[in-house]
$ cat upload32.pdb   # PDB, C-alpha atoms, pLDDT in the B column
MODEL        1
ATOM      1  CA  MET X 295       0.000   0.000   0.000  1.00 46.00           C
ATOM      2  CA  ASN X 296       2.740   2.405   0.972  1.00 49.00           C
ATOM      3  CA  SER X 297       4.737   1.558  -2.171  1.00 49.00           C
ATOM      4  CA  ASN X 298       1.706   2.315  -4.373  1.00 49.00           C
ATOM      5  CA  ILE X 299       1.242   5.644  -2.641  1.00 43.00           C
ATOM      6  CA  ILE X 300       4.907   6.449  -3.215  1.00 42.00           C
ATOM      7  CA  ARG X 301       4.616   5.525  -6.932  1.00 47.00           C
ATOM      8  CA  ILE X 302       1.511   7.694  -7.328  1.00 42.00           C
ATOM      9  CA  SER X 303       3.288  10.571  -5.558  1.00 44.00           C
ATOM     10  CA  LEU X 304       6.337  10.265  -7.809  1.00 44.00           C
ATOM     11  CA  ILE X 305       4.215  10.136 -10.960  1.00 45.00           C
ATOM     12  CA  SER X 306       2.207  13.154  -9.813  1.00 44.00           C
ATOM     13  CA  SER X 307       5.408  15.052  -9.064  1.00 44.00           C
ATOM     14  CA  LEU X 308       6.862  14.291 -12.505  1.00 45.00           C
ATOM     15  CA  ILE X 309       3.647  15.372 -14.217  1.00 47.00           C
ATOM     16  CA  PHE X 310       3.650  18.624 -12.208  1.00 44.00           C
ATOM     17  CA  ILE X 311       7.317  19.312 -13.022  1.00 45.00           C
ATOM     18  CA  ASN X 312       6.838  18.620 -16.766  1.00 53.00           C
ATOM     19  CA  THR X 313       3.730  20.803 -16.853  1.00 49.00           C
ATOM     20  CA  ALA X 314       5.527  23.643 -15.054  1.00 47.00           C
ATOM     21  CA  MET X 315       8.508  23.389 -17.419  1.00 52.00           C
ATOM     22  CA  ALA X 316       6.217  23.443 -20.456  1.00 50.00           C
ATOM     23  CA  GLN X 317       4.372  26.481 -19.129  1.00 50.00           C
ATOM     24  CA  THR X 318       7.664  28.240 -18.373  1.00 46.00           C
ATOM     25  CA  LYS X 319       8.881  27.514 -21.898  1.00 48.00           C
ATOM     26  CA  GLU X 320       5.639  28.790 -23.409  1.00 51.00           C
ATOM     27  CA  GLN X 321       5.682  31.943 -21.273  1.00 53.00           C
ATOM     28  CA  LYS X 322       9.320  32.746 -21.976  1.00 61.00           C
ATOM     29  CA  PRO X 323       9.307  36.327 -23.279  1.00 65.00           C
ATOM     30  CA  LYS X 324      10.479  37.052 -26.799  1.00 73.00           C
ATOM     31  CA  LYS X 325      13.874  38.801 -26.781  1.00 87.00           C
ATOM     32  CA  ILE X 326      13.987  40.224 -30.328  1.00 92.00           C
ATOM     33  CA  PHE X 327      11.170  41.775 -32.347  1.00 93.00           C
ATOM     34  CA  TYR X 328      11.536  42.106 -36.111  1.00 96.00           C
ATOM     35  CA  SER X 329       9.659  44.088 -38.727  1.00 96.00           C
ATOM     36  CA  ILE X 330      10.078  44.506 -42.454  1.00 97.00           C
ATOM     37  CA  GLY X 331       8.371  47.023 -44.692  1.00 96.00           C
ATOM     38  CA  ALA X 332       8.129  48.065 -48.320  1.00 97.00           C
ATOM     39  CA  GLY X 333       6.855  51.246 -49.870  1.00 97.00           C
ATOM     40  CA  ALA X 334       7.629  54.231 -52.037  1.00 97.00           C
ATOM     41  CA  ALA X 335       8.941  57.747 -51.465  1.00 97.00           C
ATOM     42  CA  LEU X 336       8.309  60.961 -53.366  1.00 97.00           C
ATOM     43  CA  LEU X 337      11.396  63.174 -53.233  1.00 97.00           C
ATOM     44  CA  PRO X 338      13.130  65.955 -55.212  1.00 97.00           C
ATOM     45  CA  GLU X 339      14.961  64.945 -58.407  1.00 97.00           C
ATOM     46  CA  TYR X 340      18.158  66.288 -56.804  1.00 97.00           C
ATOM     47  CA  ALA X 341      19.156  68.635 -53.974  1.00 97.00           C
ATOM     48  CA  GLY X 342      17.506  71.976 -54.735  1.00 97.00           C
ATOM     49  CA  ALA X 343      15.105  70.701 -57.408  1.00 98.00           C
ATOM     50  CA  GLU X 344      11.506  71.830 -57.810  1.00 97.00           C
ATOM     51  CA  ASN X 345      10.429  68.647 -59.622  1.00 97.00           C
ATOM     52  CA  TYR X 346      10.021  65.251 -57.978  1.00 97.00           C
ATOM     53  CA  ARG X 347      10.560  61.561 -58.593  1.00 96.00           C
ATOM     54  CA  ILE X 348       9.406  58.326 -56.961  1.00 96.00           C
ATOM     55  CA  LEU X 349      11.798  55.731 -55.552  1.00 95.00           C
ATOM     56  CA  PRO X 350      11.016  52.332 -53.968  1.00 95.00           C
ATOM     57  CA  MET X 351      12.054  52.034 -50.322  1.00 94.00           C
ATOM     58  CA  ILE X 352      12.716  49.130 -47.952  1.00 94.00           C
ATOM     59  CA  ASN X 353      12.447  49.258 -44.148  1.00 94.00           C
ATOM     60  CA  PHE X 354      13.766  46.750 -41.614  1.00 96.00           C
ATOM     61  CA  SER X 355      14.165  46.761 -37.853  1.00 96.00           C
ATOM     62  CA  ALA X 356      15.376  44.389 -35.159  1.00 97.00           C
ATOM     63  CA  ASN X 357      14.585  45.537 -31.607  1.00 94.00           C
ATOM     64  CA  TRP X 358      15.965  43.869 -28.477  1.00 93.00           C
ATOM     65  CA  LEU X 359      14.100  43.998 -25.150  1.00 88.00           C
ATOM     66  CA  GLY X 360      17.068  45.722 -23.502  1.00 87.00           C
ATOM     67  CA  GLY X 361      16.870  48.690 -25.855  1.00 90.00           C
ATOM     68  CA  LYS X 362      19.422  47.791 -28.536  1.00 95.00           C
ATOM     69  CA  TYR X 363      18.254  47.937 -32.137  1.00 96.00           C
ATOM     70  CA  ILE X 364      19.141  47.945 -35.818  1.00 97.00           C
ATOM     71  CA  ARG X 365      16.925  50.088 -38.082  1.00 96.00           C
ATOM     72  CA  VAL X 366      17.043  50.448 -41.849  1.00 96.00           C
ATOM     73  CA  ASN X 367      14.841  53.251 -43.147  1.00 92.00           C
ATOM     74  CA  GLY X 368      15.238  53.693 -46.884  1.00 90.00           C
ATOM     75  CA  LEU X 369      18.771  55.023 -47.437  1.00 92.00           C
ATOM     76  CA  ASN X 370      19.444  55.470 -43.708  1.00 95.00           C
ATOM     77  CA  THR X 371      20.667  52.805 -41.276  1.00 97.00           C
ATOM     78  CA  GLU X 372      21.471  53.148 -37.577  1.00 97.00           C
ATOM     79  CA  MET X 373      22.384  50.711 -34.796  1.00 97.00           C
ATOM     80  CA  ASN X 374      22.001  51.415 -31.094  1.00 97.00           C
ATOM     81  CA  VAL X 375      24.630  49.506 -29.090  1.00 97.00           C
ATOM     82  CA  LEU X 376      23.466  50.599 -25.616  1.00 95.00           C
ATOM     83  CA  SER X 377      21.051  48.654 -23.392  1.00 90.00           C
ATOM     84  CA  ASN X 378      19.522  51.826 -22.069  1.00 89.00           C
ATOM     85  CA  ARG X 379      16.032  53.325 -22.350  1.00 84.00           C
ATOM     86  CA  LYS X 380      17.228  56.930 -22.100  1.00 93.00           C
ATOM     87  CA  TRP X 381      20.482  56.928 -24.057  1.00 96.00           C
ATOM     88  CA  ASN X 382      21.051  55.599 -27.574  1.00 97.00           C
ATOM     89  CA  PHE X 383      24.458  55.588 -29.257  1.00 98.00           C
ATOM     90  CA  GLY X 384      26.032  53.840 -32.197  1.00 98.00           C
ATOM     91  CA  PRO X 385      27.070  53.811 -35.858  1.00 98.00           C
ATOM     92  CA  ILE X 386      24.969  55.346 -38.602  1.00 98.00           C
ATOM     93  CA  LEU X 387      24.998  55.044 -42.399  1.00 98.00           C
ATOM     94  CA  LEU X 388      23.379  57.886 -44.353  1.00 97.00           C
ATOM     95  CA  GLY X 389      22.568  57.781 -48.065  1.00 96.00           C
ATOM     96  CA  THR X 390      22.255  60.830 -50.342  1.00 96.00           C
ATOM     97  CA  ILE X 391      20.362  60.701 -53.630  1.00 94.00           C
ATOM     98  CA  ASN X 392      22.082  61.072 -56.980  1.00 96.00           C
ATOM     99  CA  ARG X 393      21.756  63.764 -59.645  1.00 96.00           C
ATOM    100  CA  GLY X 394      21.696  62.280 -63.114  1.00 92.00           C
ATOM    101  CA  ASN X 395      21.416  63.799 -66.557  1.00 89.00           C
ATOM    102  CA  ALA X 396      17.755  62.772 -66.942  1.00 90.00           C
ATOM    103  CA  VAL X 397      16.341  65.695 -64.957  1.00 94.00           C
ATOM    104  CA  SER X 398      13.576  68.105 -65.912  1.00 94.00           C
ATOM    105  CA  ASN X 399      15.702  71.259 -66.004  1.00 95.00           C
ATOM    106  CA  GLU X 400      17.780  71.384 -69.197  1.00 94.00           C
ATOM    107  CA  GLN X 401      20.571  73.512 -67.712  1.00 96.00           C
ATOM    108  CA  ILE X 402      20.931  71.311 -64.632  1.00 97.00           C
ATOM    109  CA  ALA X 403      21.098  68.289 -66.950  1.00 96.00           C
ATOM    110  CA  LEU X 404      24.307  69.757 -68.414  1.00 96.00           C
ATOM    111  CA  LEU X 405      26.040  69.821 -65.008  1.00 96.00           C
ATOM    112  CA  SER X 406      28.351  67.034 -63.848  1.00 93.00           C
ATOM    113  CA  GLU X 407      26.518  63.876 -62.824  1.00 95.00           C
ATOM    114  CA  ILE X 408      26.530  63.013 -59.103  1.00 97.00           C
ATOM    115  CA  LYS X 409      26.232  59.373 -58.046  1.00 97.00           C
ATOM    116  CA  PHE X 410      24.517  57.982 -54.948  1.00 96.00           C
ATOM    117  CA  ALA X 411      26.666  58.780 -51.917  1.00 97.00           C
ATOM    118  CA  PHE X 412      26.983  57.092 -48.537  1.00 97.00           C
ATOM    119  CA  GLY X 413      28.354  58.593 -45.354  1.00 98.00           C
ATOM    120  CA  ALA X 414      29.292  56.697 -42.201  1.00 98.00           C
ATOM    121  CA  GLY X 415      29.467  58.114 -38.704  1.00 98.00           C
ATOM    122  CA  LEU X 416      27.997  58.112 -35.215  1.00 98.00           C
ATOM    123  CA  PHE X 417      24.798  59.265 -33.557  1.00 98.00           C
ATOM    124  CA  ALA X 418      23.754  59.927 -29.968  1.00 98.00           C
ATOM    125  CA  LYS X 419      20.207  60.310 -28.678  1.00 97.00           C
ATOM    126  CA  TYR X 420      18.736  61.168 -25.280  1.00 98.00           C
ATOM    127  CA  THR X 421      15.079  60.512 -24.442  1.00 96.00           C
ATOM    128  CA  TYR X 422      13.098  62.016 -21.574  1.00 95.00           C
ATOM    129  CA  LYS X 423       9.508  60.767 -21.441  1.00 94.00           C
ATOM    130  CA  ASN X 424       8.068  61.646 -24.884  1.00 96.00           C
ATOM    131  CA  LEU X 425      10.816  64.104 -25.825  1.00 98.00           C
ATOM    132  CA  ASP X 426      14.155  63.263 -27.437  1.00 98.00           C
ATOM    133  CA  ILE X 427      17.184  65.070 -28.801  1.00 98.00           C
ATOM    134  CA  LYS X 428      19.469  63.461 -31.370  1.00 98.00           C
ATOM    135  CA  ALA X 429      22.806  64.518 -32.848  1.00 98.00           C
ATOM    136  CA  SER X 430      24.755  62.785 -35.618  1.00 98.00           C
ATOM    137  CA  TYR X 431      27.750  63.235 -37.872  1.00 98.00           C
ATOM    138  CA  THR X 432      28.565  61.314 -41.054  1.00 98.00           C
ATOM    139  CA  GLN X 433      31.590  61.462 -43.327  1.00 98.00           C
ATOM    140  CA  ASP X 434      31.432  60.418 -46.971  1.00 98.00           C
ATOM    141  CA  ILE X 435      32.886  56.942 -47.596  1.00 98.00           C
ATOM    142  CA  SER X 436      31.798  56.596 -51.227  1.00 97.00           C
ATOM    143  CA  GLY X 437      34.222  59.122 -52.716  1.00 97.00           C
ATOM    144  CA  VAL X 438      31.319  61.117 -54.169  1.00 98.00           C
ATOM    145  CA  ASN X 439      31.387  64.321 -52.106  1.00 97.00           C
ATOM    146  CA  ASP X 440      34.334  63.741 -49.702  1.00 97.00           C
ATOM    147  CA  GLY X 441      32.465  65.853 -47.151  1.00 98.00           C
ATOM    148  CA  GLY X 442      30.746  65.647 -43.799  1.00 98.00           C
ATOM    149  CA  LEU X 443      27.244  66.369 -42.557  1.00 98.00           C
ATOM    150  CA  ALA X 444      26.212  67.141 -38.953  1.00 98.00           C
ATOM    151  CA  ASN X 445      22.559  66.990 -37.949  1.00 98.00           C
ATOM    152  CA  LEU X 446      20.677  68.072 -34.804  1.00 98.00           C
ATOM    153  CA  GLU X 447      17.088  66.985 -34.204  1.00 98.00           C
ATOM    154  CA  VAL X 448      14.518  67.448 -31.415  1.00 98.00           C
ATOM    155  CA  GLY X 449      11.424  65.224 -31.466  1.00 98.00           C
ATOM    156  CA  TYR X 450       8.204  64.393 -29.661  1.00 98.00           C
ATOM    157  CA  THR X 451       6.567  60.934 -29.759  1.00 97.00           C
ATOM    158  CA  TYR X 452       2.868  60.291 -29.170  1.00 96.00           C
ATOM    159  CA  ARG X 453       1.373  56.845 -28.503  1.00 94.00           C
ATOM    160  CA  LYS X 454      -2.288  55.942 -28.042  1.00 92.00           C
ATOM    161  CA  LYS X 455      -3.690  52.460 -28.579  1.00 91.00           C
ATOM    162  CA  LYS X 456      -2.996  51.625 -32.257  1.00 94.00           C
ATOM    163  CA  ILE X 457      -1.460  54.980 -33.169  1.00 96.00           C
ATOM    164  CA  ILE X 458       2.211  55.956 -32.954  1.00 95.00           C
ATOM    165  CA  SER X 459       3.393  59.329 -34.248  1.00 97.00           C
ATOM    166  CA  ARG X 460       6.553  61.406 -33.977  1.00 97.00           C
ATOM    167  CA  THR X 461       7.122  65.035 -34.916  1.00 98.00           C
ATOM    168  CA  SER X 462      10.577  66.618 -35.004  1.00 98.00           C
ATOM    169  CA  VAL X 463      12.465  69.751 -36.002  1.00 98.00           C
ATOM    170  CA  ASN X 464      16.015  69.606 -37.320  1.00 98.00           C
ATOM    171  CA  THR X 465      18.924  71.535 -38.778  1.00 98.00           C
ATOM    172  CA  SER X 466      22.089  70.409 -40.553  1.00 98.00           C
ATOM    173  CA  LEU X 467      25.594  71.802 -40.993  1.00 98.00           C
ATOM    174  CA  ALA X 468      27.792  70.682 -43.908  1.00 98.00           C
ATOM    175  CA  THR X 469      31.442  70.932 -44.863  1.00 98.00           C
ATOM    176  CA  ALA X 470      32.601  72.893 -47.923  1.00 98.00           C
ATOM    177  CA  ASN X 471      33.241  69.702 -49.925  1.00 98.00           C
ATOM    178  CA  TYR X 472      29.704  68.488 -49.293  1.00 98.00           C
ATOM    179  CA  LEU X 473      28.051  71.797 -50.211  1.00 98.00           C
ATOM    180  CA  ASN X 474      30.149  72.346 -53.328  1.00 98.00           C
ATOM    181  CA  THR X 475      29.313  68.869 -54.619  1.00 98.00           C
ATOM    182  CA  TYR X 476      25.560  69.454 -54.536  1.00 98.00           C
ATOM    183  CA  PHE X 477      25.251  73.247 -54.817  1.00 98.00           C
ATOM    184  CA  GLY X 478      28.552  74.454 -56.299  1.00 98.00           C
ATOM    185  CA  ILE X 479      29.364  75.055 -59.967  1.00 97.00           C
ATOM    186  CA  ASN X 480      32.952  74.712 -61.161  1.00 96.00           C
ATOM    187  CA  SER X 481      34.371  76.308 -64.305  1.00 95.00           C
ATOM    188  CA  THR X 482      33.784  73.214 -66.461  1.00 94.00           C
ATOM    189  CA  SER X 483      30.126  72.938 -65.435  1.00 95.00           C
ATOM    190  CA  SER X 484      29.723  76.694 -65.849  1.00 96.00           C
ATOM    191  CA  LEU X 485      30.881  76.547 -69.486  1.00 95.00           C
ATOM    192  CA  ALA X 486      28.688  73.532 -70.215  1.00 94.00           C
ATOM    193  CA  SER X 487      25.508  74.879 -68.627  1.00 95.00           C
ATOM    194  CA  GLY X 488      25.832  78.645 -68.978  1.00 95.00           C
ATOM    195  CA  LEU X 489      25.392  79.071 -65.210  1.00 96.00           C
ATOM    196  CA  SER X 490      27.767  81.277 -63.226  1.00 96.00           C
ATOM    197  CA  SER X 491      30.574  79.636 -61.273  1.00 97.00           C
ATOM    198  CA  TYR X 492      29.699  79.276 -57.611  1.00 98.00           C
ATOM    199  CA  ARG X 493      31.767  78.190 -54.605  1.00 97.00           C
ATOM    200  CA  LEU X 494      30.577  77.633 -51.043  1.00 97.00           C
ATOM    201  CA  ASP X 495      32.220  77.598 -47.622  1.00 97.00           C
ATOM    202  CA  ALA X 496      31.157  75.276 -44.811  1.00 98.00           C
ATOM    203  CA  GLY X 497      27.920  76.324 -43.147  1.00 97.00           C
ATOM    204  CA  PHE X 498      24.318  75.518 -42.361  1.00 98.00           C
ATOM    205  CA  LYS X 499      22.517  73.662 -45.136  1.00 98.00           C
ATOM    206  CA  ASP X 500      18.877  73.606 -44.049  1.00 98.00           C
ATOM    207  CA  ILE X 501      16.263  73.648 -41.319  1.00 98.00           C
ATOM    208  CA  GLY X 502      13.226  71.408 -41.358  1.00 98.00           C
ATOM    209  CA  ILE X 503      10.273  69.702 -39.757  1.00 98.00           C
ATOM    210  CA  SER X 504       9.127  66.099 -40.165  1.00 97.00           C
ATOM    211  CA  SER X 505       6.303  63.873 -38.999  1.00 97.00           C
ATOM    212  CA  ASN X 506       5.930  60.075 -38.964  1.00 95.00           C
ATOM    213  CA  PHE X 507       2.624  58.286 -38.404  1.00 96.00           C
ATOM    214  CA  SER X 508       2.012  54.558 -37.880  1.00 95.00           C
ATOM    215  CA  TYR X 509      -1.259  52.673 -37.464  1.00 96.00           C
ATOM    216  CA  LEU X 510      -1.400  49.095 -36.126  1.00 95.00           C
ATOM    217  CA  LEU X 511      -3.901  47.077 -38.166  1.00 96.00           C
ATOM    218  CA  ASN X 512      -3.344  44.018 -35.960  1.00 94.00           C
ATOM    219  CA  ARG X 513      -0.482  42.285 -34.128  1.00 90.00           C
ATOM    220  CA  LYS X 514       1.348  41.573 -37.404  1.00 95.00           C
ATOM    221  CA  TRP X 515       0.527  44.328 -39.890  1.00 97.00           C
ATOM    222  CA  MET X 516       1.081  48.070 -39.694  1.00 96.00           C
ATOM    223  CA  LEU X 517       0.730  51.039 -42.049  1.00 97.00           C
ATOM    224  CA  GLY X 518       3.143  53.954 -41.965  1.00 96.00           C
ATOM    225  CA  THR X 519       3.471  57.377 -43.556  1.00 96.00           C
ATOM    226  CA  ALA X 520       6.170  60.019 -43.296  1.00 96.00           C
ATOM    227  CA  ILE X 521       6.544  63.585 -44.504  1.00 97.00           C
ATOM    228  CA  ARG X 522       9.517  65.930 -44.197  1.00 97.00           C
ATOM    229  CA  TYR X 523       9.906  69.557 -45.203  1.00 98.00           C
ATOM    230  CA  ASN X 524      13.342  71.163 -45.397  1.00 98.00           C
ATOM    231  CA  LEU X 525      14.141  74.771 -46.213  1.00 98.00           C
ATOM    232  CA  LEU X 526      17.565  75.306 -47.768  1.00 98.00           C
ATOM    233  CA  ILE X 527      19.335  78.214 -46.086  1.00 98.00           C
ATOM    234  CA  GLY X 528      22.619  80.121 -46.177  1.00 97.00           C
ATOM    235  CA  ASN X 529      24.899  79.790 -49.177  1.00 97.00           C
ATOM    236  CA  ALA X 530      23.088  76.646 -50.322  1.00 98.00           C
ATOM    237  CA  ALA X 531      19.890  78.633 -50.890  1.00 98.00           C
ATOM    238  CA  LYS X 532      21.822  81.241 -52.922  1.00 97.00           C
ATOM    239  CA  SER X 533      23.205  78.687 -55.374  1.00 98.00           C
ATOM    240  CA  PRO X 534      22.235  79.121 -59.051  1.00 97.00           C
ATOM    241  CA  ILE X 535      21.150  75.471 -58.916  1.00 98.00           C
ATOM    242  CA  VAL X 536      18.574  76.281 -56.245  1.00 98.00           C
ATOM    243  CA  LYS X 537      17.563  79.524 -57.982  1.00 97.00           C
ATOM    244  CA  LEU X 538      16.560  77.436 -61.007  1.00 97.00           C
ATOM    245  CA  GLY X 539      14.752  75.027 -58.712  1.00 97.00           C
ATOM    246  CA  SER X 540      13.455  75.654 -55.200  1.00 98.00           C
ATOM    247  CA  GLU X 541      14.744  76.092 -51.653  1.00 98.00           C
ATOM    248  CA  HIS X 542      11.598  74.273 -50.457  1.00 98.00           C
ATOM    249  CA  GLN X 543      12.346  70.548 -50.312  1.00 98.00           C
ATOM    250  CA  LEU X 544       9.589  68.056 -49.505  1.00 98.00           C
ATOM    251  CA  VAL X 545       9.844  64.293 -49.019  1.00 97.00           C
ATOM    252  CA  SER X 546       6.870  62.003 -48.409  1.00 97.00           C
ATOM    253  CA  ALA X 547       6.639  58.223 -48.104  1.00 97.00           C
ATOM    254  CA  PHE X 548       4.147  55.412 -47.530  1.00 96.00           C
ATOM    255  CA  PHE X 549       4.984  51.972 -46.126  1.00 96.00           C
ATOM    256  CA  VAL X 550       3.355  48.665 -45.248  1.00 97.00           C
ATOM    257  CA  PHE X 551       5.047  46.795 -42.374  1.00 96.00           C
ATOM    258  CA  TYR X 552       4.928  43.170 -41.233  1.00 97.00           C
ATOM    259  CA  ARG X 553       6.056  42.331 -37.689  1.00 93.00           C
ATOM    260  CA  PHE X 554       7.318  38.900 -36.660  1.00 90.00           C
TER
ENDMDL
END
$ encode --input "upload32.pdb" --output "structure tokens"
Amino acid sequence: MNSNIIRISLISSLIFINTAMAQTKEQKPKKIFYSIGAGAALLPEYAGAENYRILPMINFSANWLGGKYIRVNGLNTEMNVLSNRKWNFGPILLGTINRGNAVSNEQIALLSEIKFAFGAGLFAKYTYKNLDIKASYTQDISGVNDGGLANLEVGYTYRKKKIISRTSVNTSLATANYLNTYFGINSTSSLASGLSSYRLDAGFKDIGISSNFSYLLNRKWMLGTAIRYNLLIGNAAKSPIVKLGSEHQLVSAFFVFYRF
């Protein structure tokens, strides 16, 4: 009798342990959250243009519970290496659109072609409640403009149920090499296009405002839109290239995201 009771107790204990282990395994929190998105962006034909073109865009993000992340947003990629909810810091890769010969303005089409450029650098971001401030610097690694770009941004994030939005204001400062690549006109380009030669020193490039909006359709799917307005300022705004185009630069995008 006692041996049967012992056997029943052992069996019951094993069943309880296996059930507890299974529940623990099932309840183990997910450590990394992924999302991938595809969409299109409407953006100026080149820096300072008044006409626009559409480019396909890809988004990807991997977010760790501790706060680290990797985010690819179109031509921009950043990686936070800190496990901290207030401070973010890490490498950043920033893409800059090209200026080809197939542009709407005939004089601009005669200028030297500019290929897609990529700059690498660092960013730092501090978040307090819904407010954040972010600073970054990238240096060209593609050999296209051989310049650097510094950016300062202040943003506010709003979350309510299925809605996530962020609004920010920003300004950027560029080196002479950067500005002369996109807004300068050398003697060769001047002769080819009929535009006056123009050289720039380092200085502020623009100021702007942007807004991102996301709507959660369900646990897997999400829609996203983004719009950014930049006003070219300083010597960049005085360039003959901008005079033929516009100092008002608008970028808008639409994405569909899948989270897994």
$ atom_distance --input "upload32.pdb" --atom1 "CA of Leu416 in chain X" --atom2 "CA of Thr432 in chain X"
6.7 Å
$ resolve_selection --input "upload32.pdb" --expression "the PyMOL selection byres ((chain X and resi 362) around 9)" --output "list in words"
Ala356, Asn357, Trp358, Leu359, Gly360, Gly361, Tyr363, Ile364, Met373, Asn374, Val375, Leu376, Ser377, Asn378, Arg379 and Asn382 of chain X
$ write_last_selection --input "upload32.pdb" --atoms "C-alpha atoms" --output "short mmCIF file (atom, residue, chain, number, x, y, z; two decimals), in the frame of the given file"
data_model
loop_
_atom_site.label_atom_id
_atom_site.label_comp_id
_atom_site.auth_asym_id
_atom_site.auth_seq_id
_atom_site.Cartn_x
_atom_site.Cartn_y
_atom_site.Cartn_z
CA ALA X 356 15.38 44.39 -35.16
CA ASN X 357 14.58 45.54 -31.61
CA TRP X 358 15.96 43.87 -28.48
CA LEU X 359 14.10 44.00 -25.15
CA GLY X 360 17.07 45.72 -23.50
CA GLY X 361 16.87 48.69 -25.86
CA TYR X 363 18.25 47.94 -32.14
CA ILE X 364 19.14 47.94 -35.82
CA MET X 373 22.38 50.71 -34.80
CA ASN X 374 22.00 51.42 -31.09
CA VAL X 375 24.63 49.51 -29.09
CA LEU X 376 23.47 50.60 -25.62
CA SER X 377 21.05 48.65 -23.39
CA ASN X 378 19.52 51.83 -22.07
CA ARG X 379 16.03 53.32 -22.35
CA ASN X 382 21.05 55.60 -27.57
#
$ closest_residue --input "upload32.pdb" --among "X:Ile535, X:Leu510, X:Ile503, X:Leu446" --to "Arg553 in chain X" --atoms "all atoms listed in the file"
X:Leu510
$ atom_distance --input "upload32.pdb" --atom1 "CA of Gln433 in chain X" --atom2 "CA of Glu541 in chain X"
23.8 Å
$ residues_around --input "upload32.pdb" --residues "Asn395 in chain X" --least-positions-apart "5" --cutoff "9 Å" --atoms "all atoms listed in the file" --output "list in words"
Glu400, Ile402, Ala403, Leu404, Leu405, Ser406 and Glu407 of chain X
$ write_last_selection --input "upload32.pdb" --atoms "C-alpha atoms" --output "compact mmCIF listing (two decimals), keeping the file's coordinate frame"
# COMPACT_ATOMS: atom_id res chain seq x y z
CA GLU X 400 17.78 71.38 -69.20
CA ILE X 402 20.93 71.31 -64.63
CA ALA X 403 21.10 68.29 -66.95
CA LEU X 404 24.31 69.76 -68.41
CA LEU X 405 26.04 69.82 -65.01
CA SER X 406 28.35 67.03 -63.85
CA GLU X 407 26.52 63.88 -62.82
$ resolve_selection --input "upload32.pdb" --expression "the PyMOL selection byres ((chain X and resi 467) around 9)" --output "JSON, numbers by chain"
{"X": [442, 443, 444, 445, 446, 465, 466, 468, 469, 496, 497, 498, 499, 500]}
$ resolve_selection --input "upload32.pdb" --expression "the PyMOL selection byres ((chain X and resi 538) around 12)" --output "list of chain:residue names"
X:Ala341, X:Gly342, X:Ala343, X:Glu344, X:Asn345, X:Ser398, X:Asn399, X:Glu400, X:Gln401, X:Ile402, X:Ala403, X:Phe477, X:Leu489, X:Ala531, X:Lys532, X:Ser533, X:Pro534, X:Ile535, X:Val536, X:Lys537, X:Gly539, X:Ser540, X:Glu541
$ atom_distance --input "upload32.pdb" --atom1 "CA of Asn474 in chain X" --atom2 "CA of Ile435 in chain X"
16.7 Å
$ closest_residue --input "upload32.pdb" --among "X:Leu425, X:Ile408, X:Ile326, X:Ala334" --to "Gly394 in chain X" --atoms "all atoms listed in the file"
X:Ile408
$ closest_residue --input "upload32.pdb" --among "X:Tyr552, X:Tyr476, X:Tyr422, X:Tyr346" --to "Arg513 in chain X" --atoms "only C-alpha atoms"
X:Tyr552
$ residues_around --input "upload32.pdb" --residues "Leu337 in chain X" --least-positions-apart "6" --cutoff "7 Å" --atoms "all atoms listed in the file" --output "PyMOL selection string"
chain X and resi 346-348+544-546
$ residues_around --input "upload32.pdb" --residues "Tyr420 in chain X" --least-positions-apart "5" --cutoff "8 Å" --atoms "only C-alpha atoms" --output "PyMOL selection string"
chain X and resi 380-382+426-428
$ write_last_selection --input "upload32.pdb" --atoms "C-alpha atoms" --output "tab-separated table (two decimals), in the coordinates of the input"
chain	number	residue	atom	x	y	z
X	380	LYS	CA	17.23	56.93	-22.10
X	381	TRP	CA	20.48	56.93	-24.06
X	382	ASN	CA	21.05	55.60	-27.57
X	426	ASP	CA	14.16	63.26	-27.44
X	427	ILE	CA	17.18	65.07	-28.80
X	428	LYS	CA	19.47	63.46	-31.37
$ closest_residue --input "upload32.pdb" --among "X:Tyr450, X:Tyr523, X:Tyr431, X:Phe354" --to "Leu369 in chain X" --atoms "only C-alpha atoms"
X:Phe354
$ closest_residue --input "upload32.pdb" --among "X:Ser462, X:Ser436, X:Ser430, X:Ser483" --to "Gly389 in chain X" --atoms "all atoms listed in the file"
X:Ser436
$ axis_aligned_box --input "upload32.pdb" --around "range 404-416 of chain X" --padding-each-side "8 Å" --output "lines of an AutoDock Vina configuration file"
center_x = 26.9
center_y = 63.3
center_z = -51.8
size_x = 21.2
size_y = 29.1
size_z = 49.2
$ residues_near_point --input "upload32.pdb" --point "(7.3, 54.0, -43.4)" --cutoff "9 Å" --atoms "only C-alpha atoms" --output "number ranges by chain"
X: 331-334, 351-353, 367-368, 506-508, 517-520, 547-551
$ decode --input "upload32.pdb" --residues "range 511-515 of chain X" --atoms "N, CA and C atoms" --output "PDB file, in the first residue's frame"
ATOM      1  N   LEU X 511      -2.698  47.750 -37.689  1.00  0.00           N
ATOM      2  CA  LEU X 511      -3.901  47.077 -38.166  1.00  0.00           C
ATOM      3  C   LEU X 511      -4.238  45.883 -37.289  1.00  0.00           C
ATOM      4  N   ASN X 512      -3.211  45.145 -36.887  1.00  0.00           N
ATOM      5  CA  ASN X 512      -3.344  44.018 -35.960  1.00  0.00           C
ATOM      6  C   ASN X 512      -1.962  43.744 -35.379  1.00  0.00           C
ATOM      7  N   ARG X 513      -1.767  42.583 -34.776  1.00  0.00           N
ATOM      8  CA  ARG X 513      -0.482  42.285 -34.128  1.00  0.00           C
ATOM      9  C   ARG X 513       0.653  42.089 -35.134  1.00  0.00           C
ATOM     10  N   LYS X 514       0.334  41.853 -36.393  1.00  0.00           N
ATOM     11  CA  LYS X 514       1.348  41.573 -37.404  1.00  0.00           C
ATOM     12  C   LYS X 514       1.551  42.711 -38.405  1.00  0.00           C
ATOM     13  N   TRP X 515       0.468  43.362 -38.798  1.00  0.00           N
ATOM     14  CA  TRP X 515       0.527  44.328 -39.890  1.00  0.00           C
ATOM     15  C   TRP X 515       0.379  45.760 -39.405  1.00  0.00           C
TER      16      TRP X 515
END
